[in-house]
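Data block below; observations after.
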Amino acid sequence: MPATVVVGTQWGDEGKGKLTDLLARDMDMVVRYQGGHNAGHRIVVDGEAFALQLVPSGVLYSHITPVIGNGVVVDPAVLLSELDTLSGKGIDVSRVVVSGNAHLIMPYHQELDRLTERFLGKNALGTTKRGIGPAYADKSSRVGLRVQDLLDAKIFREKLDVVLKEKNLILNKIYNRPSLSAKDISATYLDEYTPRLAPMIKDTVAIVHDALDRGERILLEGAQATFLDLDHGTYPFVTSSNPVAGGACTGSGLGPRDLTGIVGIAKAYVTRVGAGPFPTELDGELGQLLVDRGHEYGTNTGRRRRVGWFDAVMARQAARLNSLSEIALTKLDVLDTLDEIKVCVAYEAGGVLYDYPPYHQSILHDVTPVYESLPGWGCDLTSLTSYEQLPDKAKSYIAFLEEAIGVSISVVGVGPGREQFVRPSWRGASSSEPERVSTHSRGRWAKVARCS
Ligand code: GDP
Ligand code: IMO
Ligand code: MG
């Protein structure tokens, strides 16, 4: 039975929370497969906002089993506080389960994330300072503590003693910071967090496969996005996990043939938080207009997001990296007041045209976007309830993006609210309707003649 992935196609904050919430209506289980509380997924229901960091966005429905998969890094304090906040708003969180194989974010991870960023000075990445990179680094170095270690105090203490020796040396000798106490950390993690977390800690690989065997539908919710991917993003300005659709398998325990649909999510323009290349970035009044109209401030860090025109070169690359079966386009309403809307269809650098991002950073950091201009529609989309009601110019913008990317658009967001979306008459892999095969030749601009 089907497992559908929701994956960000840009630099994050495309609206994965809202889309996951929307698609979860027809699902049985929602699995987060990577990242940690660097994510901020906002869902607005009847005017009430929920900002989720670790708990899968399907949690708002009573029929959904929310699963925190093995690929996630978990700060227990954040998870417990998020569960408390949700309970306080009347949401039943008793079905949430956490993989025993997920790694724990420890106090030294957060501290080292902050210190490393400070040490890097003007070369800082602009991380969320949540300890994500250091936690994944320990996972790769095989000195990480896992969620299941909470269930065995002896092992937890042994592992902590070993790893803390090295971390304290780094804190003392390199950063001139005081040591952290194994006793204090153990007391907090084992005595305070474990009694509450223990009932949620499960073999989530068995849970997802049993669900598929029962014929249930699973949605895999990515955090971050394709161009923040550790392997495929704009390294080193990336996160430390694999948000791309392939990461949905490693981060959940499903196999590649279990995946039946991959929904890429894209904003009608592009945003990025933190440092790194951004070819279509807009400064000045136009940039500020998009920030203001799109409320482009981080969902959990509050940082101002950088903004720019839609970049079809990146979207094309995201289509192939994730084998997208369809795209959900969000925040089209934010462009309502613009007379002219630009779309980057290729990059130019050194007399060469690129229809996919050049692999070498020295070129990517230096490209000039090649734009095509489209007319704006100049009216408010936020109250529309059907695709047919969209003005022709908005439909043309959508069709232009589909043609430029080579993937069909199955959902269009026209406001932050749960009900503020429209769908064309066909429905994608994420619904029970048959999937429409993309009719677009992938990347018309692939045929653009290259300058000699
Ligand atoms: P995520 O990290 O991908 O889940 O995205 P965030 O929740 O961090 O950021 C997306 C923001 O856009 C949130 O504030 C959403 O409420 C909002 N949003 C989502 N879809 C739409 C849309 O179609 N229109 C508008 N105006 N806002 C939207
Ligand atoms: P969601 O799931 C946008 C960015 C940070 C920084 C880089 C590395 O809400 O889309 P990290 O703390 O992960 O080591 O930071 O990645 N970043 C995000 N940007 N949305 C996110 O999550 C992000 N998670 C991390 O700003 O540039
Ligand atoms: Mg976000």
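Starting from 1 in every chain, residues are counted up; chains themselves are A, B, ... following the order of the structure tokens, and ligands are numbered from 1 as listed.
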
Please provide as an MDAnalysis selection string all residues within 7 Å of A:Ser179, with the sequence filter that same-chain residues fewer than 4 positions apart are discarded (counting only C-alpha atoms). chainID A and resid 168 171:172

Within 6 Å of ligand 2, which residues show up when you count only C-alpha atoms and all ligand atoms? List them as a PDB file with all heavy atoms, in the first residue's frame, please.
ATOM      1  N   TRP A  11      14.895  25.885   0.019  1.00  0.00           N
ATOM      2  CA  TRP A  11      15.775  25.928   1.203  1.00  0.00           C
ATOM      3  C   TRP A  11      14.965  25.881   2.501  1.00  0.00           C
ATOM      4  O   TRP A  11      15.359  26.468   3.512  1.00  0.00           O
ATOM      5  CB  TRP A  11      16.639  27.191   1.183  1.00  0.00           C
ATOM      6  CG  TRP A  11      17.846  27.082   0.297  1.00  0.00           C
ATOM      7  CD1 TRP A  11      18.922  26.256   0.459  1.00  0.00           C
ATOM      8  CD2 TRP A  11      18.100  27.844  -0.896  1.00  0.00           C
ATOM      9  NE1 TRP A  11      19.826  26.461  -0.562  1.00  0.00           N
ATOM     10  CE2 TRP A  11      19.355  27.424  -1.397  1.00  0.00           C
ATOM     11  CE3 TRP A  11      17.393  28.836  -1.578  1.00  0.00           C
ATOM     12  CZ2 TRP A  11      19.918  27.959  -2.549  1.00  0.00           C
ATOM     13  CZ3 TRP A  11      17.947  29.365  -2.730  1.00  0.00           C
ATOM     14  CH2 TRP A  11      19.199  28.925  -3.203  1.00  0.00           C
ATOM     15  N   GLY A  12      13.821  25.213   2.458  1.00  0.00           N
ATOM     16  CA  GLY A  12      13.023  25.064   3.674  1.00  0.00           C
ATOM     17  C   GLY A  12      11.890  26.082   3.765  1.00  0.00           C
ATOM     18  O   GLY A  12      11.789  27.026   2.966  1.00  0.00           O
ATOM     19  N   ASP A  13      10.986  25.825   4.696  1.00  0.00           N
ATOM     20  CA  ASP A  13       9.863  26.717   4.980  1.00  0.00           C
ATOM     21  C   ASP A  13       8.926  26.889   3.791  1.00  0.00           C
ATOM     22  O   ASP A  13       8.305  27.949   3.622  1.00  0.00           O
ATOM     23  CB  ASP A  13      10.364  28.090   5.467  1.00  0.00           C
ATOM     24  CG  ASP A  13      11.256  27.971   6.685  1.00  0.00           C
ATOM     25  OD1 ASP A  13      10.972  27.099   7.519  1.00  0.00           O
ATOM     26  OD2 ASP A  13      12.232  28.740   6.794  1.00  0.00           O
ATOM     27  N   ASN A  38      15.381  21.898  14.581  1.00  0.00           N
ATOM     28  CA  ASN A  38      15.710  23.000  13.666  1.00  0.00           C
ATOM     29  C   ASN A  38      14.505  23.298  12.777  1.00  0.00           C
ATOM     30  O   ASN A  38      14.385  24.380  12.226  1.00  0.00           O
ATOM     31  CB  ASN A  38      16.953  22.668  12.808  1.00  0.00           C
ATOM     32  CG  ASN A  38      16.920  21.284  12.171  1.00  0.00           C
ATOM     33  OD1 ASN A  38      16.064  20.464  12.497  1.00  0.00           O
ATOM     34  ND2 ASN A  38      17.859  21.023  11.272  1.00  0.00           N
ATOM     35  N   ALA A  39      13.615  22.321  12.624  1.00  0.00           N
ATOM     36  CA  ALA A  39      12.418  22.517  11.814  1.00  0.00           C
ATOM     37  C   ALA A  39      11.383  23.342  12.561  1.00  0.00           C
ATOM     38  O   ALA A  39      11.322  23.310  13.787  1.00  0.00           O
ATOM     39  CB  ALA A  39      11.817  21.155  11.464  1.00  0.00           C
ATOM     40  N   GLY A  40      10.583  24.069  11.799  1.00  0.00           N
ATOM     41  CA  GLY A  40       9.426  24.759  12.364  1.00  0.00           C
ATOM     42  C   GLY A  40       8.317  24.637  11.330  1.00  0.00           C
ATOM     43  O   GLY A  40       8.405  25.232  10.264  1.00  0.00           O
ATOM     44  N   HIS A  41       7.318  23.810  11.601  1.00  0.00           N
ATOM     45  CA  HIS A  41       6.248  23.553  10.634  1.00  0.00           C
ATOM     46  C   HIS A  41       4.943  24.149  11.178  1.00  0.00           C
ATOM     47  O   HIS A  41       4.427  23.679  12.186  1.00  0.00           O
ATOM     48  CB  HIS A  41       6.110  22.054  10.382  1.00  0.00           C
ATOM     49  CG  HIS A  41       7.327  21.444   9.726  1.00  0.00           C
ATOM     50  ND1 HIS A  41       7.403  20.134   9.351  1.00  0.00           N
ATOM     51  CD2 HIS A  41       8.509  22.003   9.348  1.00  0.00           C
ATOM     52  CE1 HIS A  41       8.584  19.901   8.782  1.00  0.00           C
ATOM     53  NE2 HIS A  41       9.274  21.018   8.787  1.00  0.00           N
ATOM     54  N   LEU A 125      27.724  29.471   9.459  1.00  0.00           N
ATOM     55  CA  LEU A 125      26.704  28.957   8.539  1.00  0.00           C
ATOM     56  C   LEU A 125      25.338  29.568   8.815  1.00  0.00           C
ATOM     57  O   LEU A 125      24.448  29.511   7.982  1.00  0.00           O
ATOM     58  CB  LEU A 125      26.580  27.433   8.701  1.00  0.00           C
ATOM     59  CG  LEU A 125      27.857  26.608   8.556  1.00  0.00           C
ATOM     60  CD1 LEU A 125      27.556  25.138   8.799  1.00  0.00           C
ATOM     61  CD2 LEU A 125      28.439  26.794   7.159  1.00  0.00           C
ATOM     62  N   GLY A 126      25.182  30.115  10.013  1.00  0.00           N
ATOM     63  CA  GLY A 126      23.849  30.594  10.382  1.00  0.00           C
ATOM     64  C   GLY A 126      22.957  29.423  10.766  1.00  0.00           C
ATOM     65  O   GLY A 126      21.791  29.368  10.379  1.00  0.00           O
ATOM     66  N   THR A 127      23.498  28.468  11.539  1.00  0.00           N
ATOM     67  CA  THR A 127      22.669  27.321  11.951  1.00  0.00           C
ATOM     68  C   THR A 127      21.596  27.804  12.935  1.00  0.00           C
ATOM     69  O   THR A 127      21.645  28.942  13.429  1.00  0.00           O
ATOM     70  CB  THR A 127      23.501  26.223  12.663  1.00  0.00           C
ATOM     71  OG1 THR A 127      23.846  26.672  13.982  1.00  0.00           O
ATOM     72  CG2 THR A 127      24.761  25.867  11.890  1.00  0.00           C
ATOM     73  N   THR A 128      20.705  26.889  13.259  1.00  0.00           N
ATOM     74  CA  THR A 128      19.655  27.232  14.221  1.00  0.00           C
ATOM     75  C   THR A 128      20.172  27.120  15.663  1.00  0.00           C
ATOM     76  O   THR A 128      19.440  27.381  16.605  1.00  0.00           O
ATOM     77  CB  THR A 128      18.447  26.294  14.055  1.00  0.00           C
ATOM     78  OG1 THR A 128      18.908  24.949  14.215  1.00  0.00           O
ATOM     79  CG2 THR A 128      17.805  26.445  12.681  1.00  0.00           C
ATOM     80  N   LYS A 129      21.422  26.667  15.800  1.00  0.00           N
ATOM     81  CA  LYS A 129      22.077  26.510  17.116  1.00  0.00           C
ATOM     82  C   LYS A 129      21.319  25.540  18.017  1.00  0.00           C
ATOM     83  O   LYS A 129      21.270  25.690  19.235  1.00  0.00           O
ATOM     84  CB  LYS A 129      22.236  27.858  17.815  1.00  0.00           C
ATOM     85  CG  LYS A 129      23.064  28.856  16.991  1.00  0.00           C
ATOM     86  CD  LYS A 129      23.523  30.012  17.851  1.00  0.00           C
ATOM     87  CE  LYS A 129      24.404  30.977  17.116  1.00  0.00           C
ATOM     88  NZ  LYS A 129      23.735  32.049  16.395  1.00  0.00           N
ATOM     89  N   ARG A 130      20.712  24.545  17.409  1.00  0.00           N
ATOM     90  CA  ARG A 130      19.938  23.564  18.180  1.00  0.00           C
ATOM     91  C   ARG A 130      20.726  22.284  18.452  1.00  0.00           C
ATOM     92  O   ARG A 130      20.169  21.299  18.928  1.00  0.00           O
ATOM     93  CB  ARG A 130      18.638  23.222  17.425  1.00  0.00           C
ATOM     94  CG  ARG A 130      17.783  24.439  17.110  1.00  0.00           C
ATOM     95  CD  ARG A 130      17.119  24.928  18.372  1.00  0.00           C
ATOM     96  NE  ARG A 130      16.804  26.340  18.343  1.00  0.00           N
ATOM     97  CZ  ARG A 130      15.650  26.874  17.982  1.00  0.00           C
ATOM     98  NH1 ARG A 130      14.697  26.106  17.567  1.00  0.00           N
ATOM     99  NH2 ARG A 130      15.468  28.168  18.036  1.00  0.00           N
ATOM    100  N   ILE A 132      22.054  20.367  16.067  1.00  0.00           N
ATOM    101  CA  ILE A 132      21.751  19.372  15.027  1.00  0.00           C
ATOM    102  C   ILE A 132      23.036  18.803  14.416  1.00  0.00           C
ATOM    103  O   ILE A 132      23.223  17.577  14.365  1.00  0.00           O
ATOM    104  CB  ILE A 132      20.880  20.021  13.902  1.00  0.00           C
ATOM    105  CG1 ILE A 132      19.630  20.672  14.498  1.00  0.00           C
ATOM    106  CG2 ILE A 132      20.584  19.013  12.803  1.00  0.00           C
ATOM    107  CD1 ILE A 132      18.643  19.759  15.138  1.00  0.00           C
ATOM    108  N   GLY A 133      23.921  19.692  13.947  1.00  0.00           N
ATOM    109  CA  GLY A 133      25.159  19.234  13.298  1.00  0.00           C
ATOM    110  C   GLY A 133      25.996  18.369  14.234  1.00  0.00           C
ATOM    111  O   GLY A 133      26.383  17.237  13.888  1.00  0.00           O
ATOM    112  N   ALA A 223      11.737  17.303   6.769  1.00  0.00           N
ATOM    113  CA  ALA A 223      12.036  18.627   7.326  1.00  0.00           C
ATOM    114  C   ALA A 223      13.133  19.227   6.450  1.00  0.00           C
ATOM    115  O   ALA A 223      13.700  18.541   5.597  1.00  0.00           O
ATOM    116  CB  ALA A 223      12.513  18.503   8.761  1.00  0.00           C
ATOM    117  N   GLN A 224      13.416  20.512   6.639  1.00  0.00           N
ATOM    118  CA  GLN A 224      14.396  21.224   5.798  1.00  0.00           C
ATOM    119  C   GLN A 224      14.040  20.996   4.313  1.00  0.00           C
ATOM    120  O   GLN A 224      12.877  20.881   4.005  1.00  0.00           O
ATOM    121  CB  GLN A 224      15.826  20.802   6.109  1.00  0.00           C
ATOM    122  CG  GLN A 224      16.306  21.251   7.482  1.00  0.00           C
ATOM    123  CD  GLN A 224      15.807  20.385   8.613  1.00  0.00           C
ATOM    124  OE1 GLN A 224      15.985  19.190   8.610  1.00  0.00           O
ATOM    125  NE2 GLN A 224      15.177  20.977   9.602  1.00  0.00           N
ATOM    126  N   LEU A 228      19.135  22.093   1.296  1.00  0.00           N
ATOM    127  CA  LEU A 228      19.800  22.047   2.602  1.00  0.00           C
ATOM    128  C   LEU A 228      20.303  20.631   2.862  1.00  0.00           C
ATOM    129  O   LEU A 228      20.813  20.333   3.941  1.00  0.00           O
ATOM    130  CB  LEU A 228      18.831  22.470   3.719  1.00  0.00           C
ATOM    131  CG  LEU A 228      18.457  23.956   3.771  1.00  0.00           C
ATOM    132  CD1 LEU A 228      17.353  24.192   4.809  1.00  0.00           C
ATOM    133  CD2 LEU A 228      19.667  24.826   4.081  1.00  0.00           C
ATOM    134  N   PHE A 237      26.677  25.203   3.315  1.00  0.00           N
ATOM    135  CA  PHE A 237      25.527  25.934   3.883  1.00  0.00           C
ATOM    136  C   PHE A 237      24.297  25.036   3.834  1.00  0.00           C
ATOM    137  O   PHE A 237      23.330  25.312   3.089  1.00  0.00           O
ATOM    138  CB  PHE A 237      25.337  27.247   3.127  1.00  0.00           C
ATOM    139  CG  PHE A 237      26.575  28.104   3.158  1.00  0.00           C
ATOM    140  CD1 PHE A 237      27.403  28.182   2.046  1.00  0.00           C
ATOM    141  CD2 PHE A 237      26.940  28.794   4.304  1.00  0.00           C
ATOM    142  CE1 PHE A 237      28.560  28.947   2.074  1.00  0.00           C
ATOM    143  CE2 PHE A 237      28.093  29.557   4.350  1.00  0.00           C
ATOM    144  CZ  PHE A 237      28.911  29.628   3.235  1.00  0.00           C
ATOM    145  N   VAL A 238      24.350  23.970   4.582  1.00  0.00           N
ATOM    146  CA  VAL A 238      23.318  22.939   4.553  1.00  0.00           C
ATOM    147  C   VAL A 238      23.059  22.471   5.991  1.00  0.00           C
ATOM    148  O   VAL A 238      23.767  22.866   6.914  1.00  0.00           O
ATOM    149  CB  VAL A 238      23.784  21.738   3.703  1.00  0.00           C
ATOM    150  CG1 VAL A 238      23.915  22.118   2.239  1.00  0.00           C
ATOM    151  CG2 VAL A 238      25.118  21.163   4.222  1.00  0.00           C
ATOM    152  N   THR A 239      22.103  21.590   6.127  1.00  0.00           N
ATOM    153  CA  THR A 239      21.914  20.957   7.419  1.00  0.00           C
ATOM    154  C   THR A 239      22.689  19.634   7.412  1.00  0.00           C
ATOM    155  O   THR A 239      23.381  19.327   6.440  1.00  0.00           O
ATOM    156  CB  THR A 239      20.409  20.770   7.742  1.00  0.00           C
ATOM    157  OG1 THR A 239      20.283  20.407   9.115  1.00  0.00           O
ATOM    158  CG2 THR A 239      19.756  19.710   6.859  1.00  0.00           C
ATOM    159  N   VAL A 273      16.939  30.896   4.983  1.00  0.00           N
ATOM    160  CA  VAL A 273      17.397  31.472   6.258  1.00  0.00           C
ATOM    161  C   VAL A 273      18.841  31.037   6.456  1.00  0.00           C
ATOM    162  O   VAL A 273      19.172  29.893   6.201  1.00  0.00           O
ATOM    163  CB  VAL A 273      16.619  30.942   7.479  1.00  0.00           C
ATOM    164  CG1 VAL A 273      16.643  31.943   8.616  1.00  0.00           C
ATOM    165  CG2 VAL A 273      15.224  30.558   7.137  1.00  0.00           C
ATOM    166  N   GLY A 274      19.670  31.923   6.931  1.00  0.00           N
ATOM    167  CA  GLY A 274      21.077  31.557   7.131  1.00  0.00           C
ATOM    168  C   GLY A 274      21.891  31.889   5.888  1.00  0.00           C
ATOM    169  O   GLY A 274      21.364  32.362   4.875  1.00  0.00           O
ATOM    170  N   ALA A 275      23.202  31.590   5.985  1.00  0.00           N
ATOM    171  CA  ALA A 275      24.118  31.992   4.919  1.00  0.00           C
ATOM    172  C   ALA A 275      24.073  31.007   3.746  1.00  0.00           C
ATOM    173  O   ALA A 275      23.480  29.949   3.845  1.00  0.00           O
ATOM    174  CB  ALA A 275      25.536  32.056   5.486  1.00  0.00           C
TER     175      ALA A 275
END

Excluding A:Pro358 and any residue of its chain fewer than 3 positions from it, enumerate the residues within 10 Å of it, using only C-alpha atoms, and give them as a compact mmCIF listing (two decimals) with N, CA, C and O atoms, in the first residue's frame.
# COMPACT_ATOMS: atom_id res chain seq x y z
N VAL A 313 15.60 26.53 -12.18
CA VAL A 313 16.81 25.71 -12.33
C VAL A 313 16.93 24.78 -11.12
O VAL A 313 17.14 23.57 -11.24
N TYR A 347 20.71 29.68 -15.62
CA TYR A 347 21.78 30.52 -15.07
C TYR A 347 22.78 30.78 -16.19
O TYR A 347 22.95 29.95 -17.08
N GLU A 348 23.45 31.92 -16.07
CA GLU A 348 24.53 32.22 -17.01
C GLU A 348 25.79 32.48 -16.20
O GLU A 348 25.74 33.15 -15.17
N ALA A 349 26.89 31.90 -16.61
CA ALA A 349 28.18 32.20 -15.96
C ALA A 349 29.29 31.94 -16.97
O ALA A 349 29.30 30.89 -17.62
N LEU A 353 25.38 28.86 -20.53
CA LEU A 353 24.04 28.79 -19.94
C LEU A 353 23.87 27.45 -19.22
O LEU A 353 24.24 26.41 -19.76
N TYR A 354 23.31 27.52 -18.04
CA TYR A 354 23.10 26.29 -17.25
C TYR A 354 21.60 26.09 -17.03
O TYR A 354 20.93 26.99 -16.53
N ASP A 355 21.10 24.92 -17.40
CA ASP A 355 19.69 24.63 -17.12
C ASP A 355 19.53 23.79 -15.84
O ASP A 355 18.44 23.58 -15.36
N GLN A 361 31.04 24.86 -6.77
CA GLN A 361 30.59 26.02 -5.96
C GLN A 361 31.10 27.35 -6.52
O GLN A 361 30.42 28.38 -6.44
N SER A 362 32.31 27.35 -7.10
CA SER A 362 32.87 28.63 -7.57
C SER A 362 32.01 29.18 -8.70
O SER A 362 31.92 30.40 -8.87
N ILE A 363 31.41 28.30 -9.49
CA ILE A 363 30.53 28.77 -10.57
C ILE A 363 29.17 29.15 -9.98
O ILE A 363 28.63 30.21 -10.25
N LEU A 364 28.64 28.25 -9.13
CA LEU A 364 27.31 28.51 -8.57
C LEU A 364 27.25 29.84 -7.82
O LEU A 364 26.27 30.59 -7.93
N HIS A 365 28.31 30.17 -7.11
CA HIS A 365 28.31 31.41 -6.34
C HIS A 365 28.37 32.63 -7.24
O HIS A 365 28.19 33.75 -6.80
N VAL A 367 26.80 32.82 -10.54
CA VAL A 367 25.90 32.80 -11.70
C VAL A 367 25.00 34.03 -11.73
O VAL A 367 24.71 34.63 -10.70

If the limit is 7 Å from any atom of ligand 1, counting only C-alpha atoms and all ligand atoms, which residues qualify? Return them as a ChimeraX atom specification. /A:8,12-18,39-44,223-224,294-295,298-299,330-334,412-417,420-421

Between atom CA of A:Thr260 and atom CA of A:Ala248, measure the distance and give it in Å to one decimal.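 Atom CA of A:Ala248 lies at a distance of 12.0 Å from atom CA of A:Thr260.
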
Considering only C-alpha atoms and all ligand atoms, can you say which of A:Gly222, A:Gly69, A:Gly264, A:Pro2 comes closest to ligand 3?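 Checking each of A:Gly222, A:Gly69, A:Gly264, A:Pro2 against ligand 3, counting only C-alpha atoms and all ligand atoms, the winner is A:Gly222.
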